[in-house]
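*Asks:* Structure file my_file-v1.txt, compact mmCIF, C-alpha atoms and all ligand atoms, is pasted below:
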# COMPACT_ATOMS: atom_id res chain seq x y z
CA MET A 6 -143.50 9.32 72.33
CA ASP A 7 -142.84 5.69 71.88
CA PRO A 8 -140.15 5.37 69.22
CA ARG A 9 -141.60 2.06 68.19
CA THR A 10 -144.88 3.71 67.23
CA ARG A 11 -145.56 2.75 63.70
CA THR A 12 -146.38 5.78 61.64
CA THR A 13 -146.66 4.05 58.32
CA VAL A 14 -149.18 1.54 57.18
CA ARG A 15 -148.24 -0.84 54.45
CA SER A 16 -150.49 -0.29 51.53
CA LEU A 17 -151.31 -3.82 50.57
CA ARG A 18 -153.99 -4.25 48.02
CA ILE A 19 -156.54 -7.02 48.06
CA ARG A 20 -156.28 -9.48 45.23
CA GLU A 21 -159.32 -8.38 43.29
CA ASP A 22 -158.07 -4.80 43.05
CA THR A 23 -156.11 -3.86 39.99
CA ALA A 24 -152.43 -3.27 40.66
CA LYS A 25 -151.35 0.36 40.30
CA TYR A 26 -148.84 -0.42 37.61
CA LEU A 27 -151.49 -1.99 35.42
CA TYR A 28 -153.64 1.12 35.00
CA ASN A 29 -151.37 2.74 32.46
CA LEU A 30 -149.13 0.53 30.37
CA ALA A 31 -147.63 3.30 28.27
CA GLU A 32 -143.86 3.67 28.27
CA ASP A 33 -144.04 7.14 29.77
CA SER A 34 -146.53 6.18 32.44
CA PRO A 35 -145.85 7.34 36.01
CA TYR A 36 -143.10 5.64 37.93
CA TYR A 37 -144.11 2.76 40.16
CA ASP A 38 -141.84 2.18 43.09
CA PRO A 39 -142.02 -1.55 43.80
CA LYS A 40 -140.49 -1.43 47.26
CA SER A 41 -142.95 1.00 48.74
CA ARG A 42 -145.66 -0.14 46.31
CA SER A 43 -146.36 3.47 45.49
CA MET A 44 -147.15 5.33 42.34
CA ARG A 45 -147.20 8.98 43.22
CA GLU A 46 -148.33 10.47 39.94
CA ASN A 47 -151.70 9.93 38.40
CA PRO A 48 -151.61 7.09 35.86
CA LEU A 49 -155.00 8.12 34.44
CA ALA A 50 -154.07 11.75 33.98
CA GLY A 51 -156.49 12.51 31.16
CA LYS A 52 -159.52 11.09 32.91
CA GLU A 53 -161.97 12.94 35.09
CA LEU A 54 -161.37 12.51 38.79
CA GLU A 55 -164.81 10.98 39.27
CA ALA A 56 -164.27 8.37 36.60
CA ALA A 57 -160.70 7.44 37.48
CA ARG A 58 -160.39 4.44 39.77
CA PHE A 59 -156.94 5.47 40.90
CA SER A 60 -155.44 8.95 40.77
CA GLY A 61 -151.99 8.36 42.17
CA ASP A 62 -150.82 8.21 45.75
CA ASN A 63 -150.21 11.94 45.86
CA PHE A 64 -153.89 12.53 45.25
CA GLY A 65 -154.74 10.64 48.41
CA ARG A 66 -151.93 12.31 50.29
CA TYR A 67 -152.38 15.96 49.47
CA SER A 68 -155.99 16.58 48.57
CA GLY A 69 -159.07 17.22 50.66
CA GLU A 70 -158.74 17.24 54.44
CA VAL A 71 -155.79 14.87 54.48
CA THR A 72 -153.29 17.68 54.98
CA ALA A 73 -155.25 19.01 57.96
CA ALA A 74 -155.36 15.54 59.51
CA ASN A 75 -151.62 15.11 58.94
CA GLU A 76 -150.93 18.47 60.53
CA ALA A 77 -153.02 17.47 63.51
CA GLN A 78 -151.03 14.26 63.86
CA VAL A 79 -147.74 16.16 63.74
CA PHE A 80 -149.08 18.64 66.27
CA ALA A 81 -150.08 15.78 68.56
CA TRP A 82 -146.57 14.36 68.44
CA GLN A 83 -145.02 17.72 69.16
CA ALA A 84 -147.43 18.37 72.04
CA THR A 85 -146.73 14.96 73.53
CA ARG A 86 -143.02 15.64 73.30
CA ALA A 87 -143.56 18.99 75.05
CA GLY A 88 -145.41 17.27 77.89
CA VAL A 89 -149.06 17.81 76.99
CA TYR A 90 -150.63 14.52 76.15
CA ALA A 91 -152.85 14.60 73.11
CA HIS A 92 -153.92 11.94 70.69
CA SER A 93 -155.15 12.82 67.28
CA ILE A 94 -157.47 9.84 66.91
CA ALA A 95 -158.53 9.11 70.48
CA GLU A 96 -159.18 12.74 71.42
CA PRO A 97 -159.63 14.74 68.25
CA THR A 98 -161.67 17.51 69.88
CA LYS A 99 -159.16 18.08 72.62
CA LEU A 100 -156.37 18.15 70.12
CA GLU A 101 -158.23 20.60 67.94
CA ALA A 102 -158.88 22.89 70.90
CA LEU A 103 -155.24 22.69 71.94
CA LYS A 104 -154.10 23.42 68.46
CA ARG A 105 -156.36 26.43 68.10
CA GLU A 106 -155.15 27.83 71.40
CA TYR A 107 -151.55 27.27 70.42
CA GLU A 108 -151.96 28.97 67.06
CA LYS A 109 -153.68 31.94 68.64
CA GLY A 110 -151.00 32.29 71.30
CA LYS A 111 -148.30 31.93 68.69
CA SER A 112 -149.67 34.64 66.45
CA THR A 113 -150.40 37.06 69.30
CA LEU A 114 -146.94 36.47 70.71
CA LYS A 115 -145.40 37.14 67.39
CA ASN A 116 -147.46 40.27 66.93
CA GLU A 117 -146.61 41.52 70.39
CA THR A 118 -142.90 41.03 69.93
CA GLN A 119 -143.04 42.72 66.59
CA LYS A 120 -144.94 45.64 68.00
CA LYS A 121 -142.49 46.01 70.86
CA LEU A 122 -139.56 46.00 68.51
CA LEU A 123 -141.16 48.52 66.19
CA ASP A 124 -142.03 50.79 69.09
CA LYS A 125 -138.49 50.66 70.36
CA TYR A 126 -136.57 51.01 67.12
CA GLY A 127 -139.09 52.36 64.60
CA GLY A 128 -139.10 51.34 60.96
CA VAL A 129 -142.79 50.74 60.37
CA GLU A 130 -142.33 52.01 56.81
CA HIS A 131 -140.14 49.01 56.02
CA MET A 132 -142.91 46.65 56.96
CA LYS A 133 -145.08 48.07 54.23
CA ARG A 134 -143.82 46.57 51.06
CA PRO A 135 -145.36 45.49 47.82
CA ALA A 136 -146.13 41.87 47.17
CA ASP A 137 -143.25 39.52 46.51
CA GLU A 138 -144.55 38.92 42.99
CA LEU A 139 -144.08 42.59 42.20
CA LEU A 140 -140.75 42.94 43.96
CA LEU A 141 -138.82 40.00 42.65
CA GLY A 142 -140.80 38.85 39.65
CA GLN A 143 -141.19 35.48 41.32
CA THR A 144 -143.40 33.91 43.93
CA GLU A 145 -143.27 31.37 46.67
CA SER A 146 -146.36 29.65 45.34
CA TYR A 147 -145.65 25.99 44.87
CA VAL A 148 -146.51 24.37 41.57
CA GLU A 149 -145.96 20.74 40.75
CA TYR A 150 -145.88 19.43 37.19
CA ASN A 151 -146.16 15.96 35.81
CA ARG A 152 -143.95 14.61 33.05
CA GLN A 153 -146.25 15.96 30.38
CA GLY A 154 -145.87 19.47 31.78
CA LYS A 155 -149.36 19.66 33.21
CA VAL A 156 -149.89 21.19 36.63
CA ILE A 157 -150.87 18.49 39.10
CA LYS A 158 -150.50 20.47 42.30
CA GLY A 159 -150.75 24.17 43.01
CA LYS A 160 -152.12 27.03 41.03
CA ARG A 161 -152.18 26.97 37.28
CA ARG A 162 -149.92 29.62 35.89
CA ALA A 163 -150.94 31.75 32.95
CA THR A 164 -149.34 30.45 29.80
CA ILE A 165 -146.41 32.48 28.58
CA LYS A 166 -146.78 33.00 24.86
CA SER A 167 -143.22 33.67 23.86
CA CYS A 168 -140.18 35.55 25.05
CA PHE A 169 -140.35 37.62 21.86
CA LYS A 170 -142.78 40.42 21.15
CA GLU A 171 -145.89 39.17 19.42
CA ASP A 172 -148.27 40.84 16.99
CA VAL A 173 -145.91 43.72 16.35
CA TYR A 174 -145.89 44.74 12.70
CA PRO A 175 -143.23 47.29 11.78
CA GLN A 176 -143.06 49.35 8.57
CA ASN A 177 -146.79 49.13 7.75
CA HIS A 178 -146.72 45.38 7.28
CA ASN A 179 -149.73 43.22 8.10
CA SER A 180 -147.69 40.13 8.81
CA VAL A 181 -144.52 39.23 10.61
CA PHE A 182 -141.20 38.59 8.95
CA GLY A 183 -140.96 34.89 8.27
CA SER A 184 -144.59 34.47 7.30
CA PHE A 185 -143.60 33.96 3.67
CA TRP A 186 -141.06 31.66 2.11
CA ARG A 187 -139.88 31.06 -1.41
CA GLU A 188 -136.78 29.20 -2.51
CA GLY A 189 -134.82 29.52 0.68
CA ASN A 190 -135.76 33.10 1.44
CA TRP A 191 -137.97 34.30 4.25
CA GLY A 192 -140.15 37.32 3.87
CA TYR A 193 -143.40 39.08 4.62
CA LYS A 194 -146.64 37.45 3.56
CA CYS A 195 -148.47 40.73 3.04
CA CYS A 196 -146.17 42.00 0.30
CA HIS A 197 -143.80 39.08 -0.47
CA GLN A 198 -140.73 41.09 0.40
CA PHE A 199 -137.55 39.38 1.47
CA VAL A 200 -135.84 42.40 2.99
CA ARG A 201 -136.50 42.60 6.68
CA ASN A 202 -136.47 46.37 7.16
CA SER A 203 -138.38 47.15 3.98
CA TYR A 204 -141.62 49.09 3.93
CA CYS A 205 -144.78 47.24 2.96
CA THR A 206 -145.65 47.48 -0.71
CA GLY A 207 -148.90 45.55 -0.46
CA LYS A 208 -150.52 44.03 -3.52
CA GLN A 209 -148.08 45.58 -5.96
CA GLY A 210 -145.25 43.96 -4.11
CA ILE A 211 -146.95 40.58 -4.35
CA GLU A 212 -147.50 40.99 -8.10
CA ALA A 213 -143.92 42.06 -8.70
CA GLU A 214 -142.53 39.22 -6.66
CA SER A 215 -144.70 36.53 -8.22
CA SER A 216 -143.86 37.68 -11.75
CA ALA A 217 -140.19 37.77 -10.85
CA ALA A 218 -140.49 34.24 -9.55
CA GLU A 219 -142.01 33.15 -12.85
CA GLY A 220 -139.18 34.78 -14.72
CA THR A 221 -141.23 37.40 -16.55
CA THR A 222 -141.86 41.08 -16.31
CA THR A 223 -145.21 42.57 -15.47
CA SER A 224 -145.70 44.14 -18.90
CA LYS A 225 -148.12 42.38 -21.22
CA GLU A 226 -145.78 42.34 -24.21
CA PHE A 227 -143.95 39.32 -22.89
CA LYS A 228 -145.76 36.06 -22.69
CA VAL A 229 -144.94 33.37 -20.23
CA PRO A 230 -142.88 30.76 -22.06
CA LYS A 231 -144.52 27.38 -22.17
CA LEU A 232 -142.38 24.79 -20.52
CA PHE A 233 -144.15 21.82 -21.90
CA GLU A 234 -145.68 21.02 -25.26
CA PRO A 235 -146.95 17.50 -25.31
CA SER A 236 -147.48 16.45 -28.90
CA GLY A 237 -144.84 15.35 -31.40
CA SER A 238 -146.68 17.09 -34.20
CA VAL A 239 -145.86 20.45 -32.62
CA GLU A 240 -142.21 19.61 -32.86
CA LYS A 241 -142.62 18.67 -36.46
CA ALA A 242 -144.28 21.94 -37.25
CA ARG A 243 -141.53 23.80 -35.49
CA ARG A 244 -138.94 21.88 -37.42
CA ASP A 245 -140.61 23.03 -40.58
CA GLN A 246 -140.47 26.59 -39.39
CA ASN A 247 -136.80 26.32 -38.57
CA ARG A 248 -136.10 24.86 -41.95
CA GLU A 249 -137.79 27.80 -43.57
CA LYS A 250 -135.70 30.19 -41.53
CA ARG A 251 -132.59 28.51 -42.80
CA GLY A 252 -133.81 29.10 -46.34
CA ARG A 253 -134.44 25.50 -47.24
CA LYS A 254 -138.07 25.88 -48.14
CA ARG A 255 -140.08 22.84 -48.81
CA HIS A 256 -141.98 22.65 -52.05
CA SER A 257 -145.32 21.98 -50.57
CA SER A 258 -145.45 24.61 -47.85
CA ASP A 259 -145.00 28.32 -47.72
CA ASP A 260 -145.00 30.64 -44.70
CA SER A 261 -148.71 30.80 -44.10
CA ASP A 262 -149.07 27.05 -44.55
CA SER A 263 -146.57 26.12 -41.88
CA GLU A 264 -148.01 28.69 -39.51
CA LYS A 265 -151.43 27.17 -39.99
CA GLU A 266 -149.98 23.77 -39.36
CA LEU A 267 -148.35 24.96 -36.16
CA LYS A 268 -151.59 26.46 -34.93
CA LYS A 269 -153.45 23.31 -35.79
CA ALA A 270 -150.95 21.18 -33.92
CA MET A 271 -151.11 23.45 -30.91
CA LYS A 272 -154.90 23.22 -30.91
CA LYS A 273 -154.73 19.48 -31.15
CA ALA A 274 -152.28 19.27 -28.33
CA LYS A 275 -154.48 21.48 -26.22
CA ARG A 276 -157.53 19.37 -26.99
CA GLU A 277 -155.92 16.05 -26.37
CA GLY A 278 -153.96 17.18 -23.35
CA ASP A 279 -151.97 14.45 -21.73
CA ARG A 280 -154.01 11.62 -23.15
CA GLY A 281 -150.90 9.85 -24.41
CA HIS A 282 -149.26 9.86 -21.01
CA LYS A 283 -149.09 7.02 -18.60
CA TYR A 284 -150.16 7.59 -15.04
CA ASN A 285 -146.85 8.62 -13.55
CA THR A 286 -145.07 10.13 -16.53
CA ASN A 287 -144.40 13.72 -17.32
CA TYR A 288 -143.45 13.17 -20.95
CA SER A 289 -145.16 12.12 -24.13
CA ASN A 290 -145.49 8.40 -24.43
CA THR A 291 -145.70 8.15 -28.20
CA ALA A 292 -143.38 5.89 -30.23
CA PRO A 293 -140.05 7.44 -31.27
CA ALA A 294 -139.67 8.69 -34.83
CA LYS A 295 -137.77 6.76 -37.54
CA GLN A 296 -134.83 9.14 -37.36
CA GLN A 297 -134.60 8.78 -33.62
CA MET A 298 -134.58 4.99 -33.89
CA GLU A 299 -131.87 5.18 -36.53
CA ALA A 300 -129.74 7.38 -34.30
CA TYR A 301 -130.26 5.01 -31.42
CA ARG A 302 -129.19 1.96 -33.45
CA ARG A 303 -126.07 3.67 -34.64
CA THR A 304 -124.88 4.77 -31.21
CA SER A 305 -125.98 1.83 -29.09
CA VAL A 306 -123.40 -0.70 -28.02
CA TYR A 307 -124.16 -4.41 -28.37
CA SER A 308 -122.99 -6.60 -25.58
CA ASP A 309 -122.32 -9.48 -28.03
CA ASP A 310 -119.95 -7.31 -29.97
CA PRO A 311 -116.32 -8.38 -29.21
CA MET A 312 -115.20 -4.80 -29.67
CA ALA A 313 -117.81 -3.47 -27.21
CA THR A 314 -115.36 -3.34 -24.31
CA TYR A 315 -112.89 -1.44 -26.48
CA VAL A 316 -115.55 1.10 -27.37
CA ASN A 317 -116.50 1.38 -23.75
CA SER A 318 -112.93 1.93 -22.59
CA LYS A 319 -112.33 4.50 -25.29
CA PHE A 320 -115.56 6.43 -24.96
CA GLY A 321 -116.43 5.40 -21.44
CA LYS A 322 -115.34 8.68 -19.98
CA LYS A 323 -117.51 10.55 -22.37
CA TYR A 324 -120.57 8.47 -21.66
CA SER A 325 -120.08 8.14 -17.99
CA LYS A 326 -120.49 11.85 -17.54
ZN ZN Q 401 -145.78 43.90 3.93
How does this structure look as structure tokens?
Ligand SMILES: [Zn+2]
*Replies:*
Amino acid sequence: MDPRTRTTVRSLRIREDTAKYLYNLAEDSPYYDPKSRSMRENPLAGKELEAARFSGDNFGRYSGEVTAANEAQVFAWQATRAGVYAHSIAEPTKLEALKREYEKGKSTLKNETQKKLLDKYGGVEHMKRPADELLLGQTESYVEYNRQGKVIKGKRRATIKSCFKEDVYPQNHNSVFGSFWREGNWGYKCCHQFVRNSYCTGKQGIEAESSAAEGTTTSKEFKVPKLFEPSGSVEKARRDQNREKRGRKRHSSDDSDSEKELKKAMKKAKREGDRGHKYNTNYSNTAPAKQQMEAYRRTSVYSDDPMATYVNSKFGKKYSK
């Protein structure tokens, strides 16, 4: 074979064709090798093959009958080197016939040698073996992936779900451990249990857990404490009640009166809801009471006051905390 035979053809594009590196401008687009002007991976990976104008150089290299043609070319070189002249393009039929003959001879030769050896030494039982997949848990099948992890060449493997056992529910549970979460604890969703090896308690478990989370017991004697009472009038009514407890009864109200007042205030608060609130506030937006204002004026520090810094230095620690 002539060593100067050019086996590669420069892939120069004509000007009106889009350059390979312009098909996909994403940062993780396939690598374009500027020296060989090749982009092996498919830049339009998501597109259908029919619609894509360019599917990567590997597509043209390894799909369809290209591999057969390449093999024929290699065979022609080898045959020429061995002394039998064959040209893959000038005499394709001759080459094909030669190739077929060669393959046949090769396989029969191999079979014959094998048979001879087996006849001489025995050991046919060792030739019968299960498939490699079963023996070693691995195969020789070639799979090529792109950067996104999609198979671009070779068979598509079945997806492996997880290395852990799936859909196994121990101790009568309907869900896996970790399907429920509350305040830093993982548990079962079916019964809200946080102990991993516990038995499922079902609905009762959920009730018990949710009541525990609210800070109450399941019995009906205890009511859920209200965290938030919006109106100032409720506070006033409560103040009255407290005053009565301390024995300083007011002239105008007795027990039943104040209770009525409390109920009334509660009703009012319920009816009005958060009407006094601004959009983003969680607290009542009503004006402070006279007493509150008085307390504020007494404790506030005026910046004009020459003794303000002294007060700050003396009580600063107390206020800073
Ligand atoms: Zn459960």
*Asks:* In Å, rounded to a single decimal, give me how far atom CA of Pro35 of chain A is from atom CA of Ala57 of chain A.
*Replies:* 14.9 Å
*Asks:* Let me have all residues with an atom within 10 Å of ligand ZN 401 (chain Q), counting all atoms listed in the file, laid out as a VMD selection string.
*Replies:* chain A and resid 174 to 182 192 to 199 201 203 to 208 210 to 211
*Asks:* Taking C-alpha atoms for each residue, export the selection above as a PDB file, keeping the file's coordinate frame.
*Replies:*
ATOM      1  CA  TYR A 174    -145.890  44.740  12.700  1.00  0.00           C
ATOM      2  CA  PRO A 175    -143.230  47.290  11.780  1.00  0.00           C
ATOM      3  CA  GLN A 176    -143.060  49.350   8.570  1.00  0.00           C
ATOM      4  CA  ASN A 177    -146.790  49.130   7.750  1.00  0.00           C
ATOM      5  CA  HIS A 178    -146.720  45.380   7.280  1.00  0.00           C
ATOM      6  CA  ASN A 179    -149.730  43.220   8.100  1.00  0.00           C
ATOM      7  CA  SER A 180    -147.690  40.130   8.810  1.00  0.00           C
ATOM      8  CA  VAL A 181    -144.520  39.230  10.610  1.00  0.00           C
ATOM      9  CA  PHE A 182    -141.200  38.590   8.950  1.00  0.00           C
ATOM     10  CA  GLY A 192    -140.150  37.320   3.870  1.00  0.00           C
ATOM     11  CA  TYR A 193    -143.400  39.080   4.620  1.00  0.00           C
ATOM     12  CA  LYS A 194    -146.640  37.450   3.560  1.00  0.00           C
ATOM     13  CA  CYS A 195    -148.470  40.730   3.040  1.00  0.00           C
ATOM     14  CA  CYS A 196    -146.170  42.000   0.300  1.00  0.00           C
ATOM     15  CA  HIS A 197    -143.800  39.080  -0.470  1.00  0.00           C
ATOM     16  CA  GLN A 198    -140.730  41.090   0.400  1.00  0.00           C
ATOM     17  CA  PHE A 199    -137.550  39.380   1.470  1.00  0.00           C
ATOM     18  CA  ARG A 201    -136.500  42.600   6.680  1.00  0.00           C
ATOM     19  CA  SER A 203    -138.380  47.150   3.980  1.00  0.00           C
ATOM     20  CA  TYR A 204    -141.620  49.090   3.930  1.00  0.00           C
ATOM     21  CA  CYS A 205    -144.780  47.240   2.960  1.00  0.00           C
ATOM     22  CA  THR A 206    -145.650  47.480  -0.710  1.00  0.00           C
ATOM     23  CA  GLY A 207    -148.900  45.550  -0.460  1.00  0.00           C
ATOM     24  CA  LYS A 208    -150.520  44.030  -3.520  1.00  0.00           C
ATOM     25  CA  GLY A 210    -145.250  43.960  -4.110  1.00  0.00           C
ATOM     26  CA  ILE A 211    -146.950  40.580  -4.350  1.00  0.00           C
TER      27      ILE A 211
END
*Asks:* Go ahead and compute the interatomic distance for atom CA of Ser43 of chain A and atom CA of Arg18 of chain A, in Å to one decimal.
*Replies:*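 Atom-to-atom, atom CA of Ser43 of chain A to atom CA of Arg18 of chain A, that is 11.1 Å.
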*Asks:* How far is it from atom CA of Leu27 of chain A to atom CA of Asp62 of chain A, in Å with one decimal?
*Replies:* 14.5 Å
*Asks:* Could you give me the axis-aligned bounding box of segment 142-149 of chain A, with 6 Å of padding per side, as centre plus edge lengths in Å to one decimal, as AutoDock Vina command-line options?
*Replies:*
--center_x -143.7 --center_y 29.8 --center_z 43.2 --size_x 17.7 --size_y 30.1 --size_z 19.0
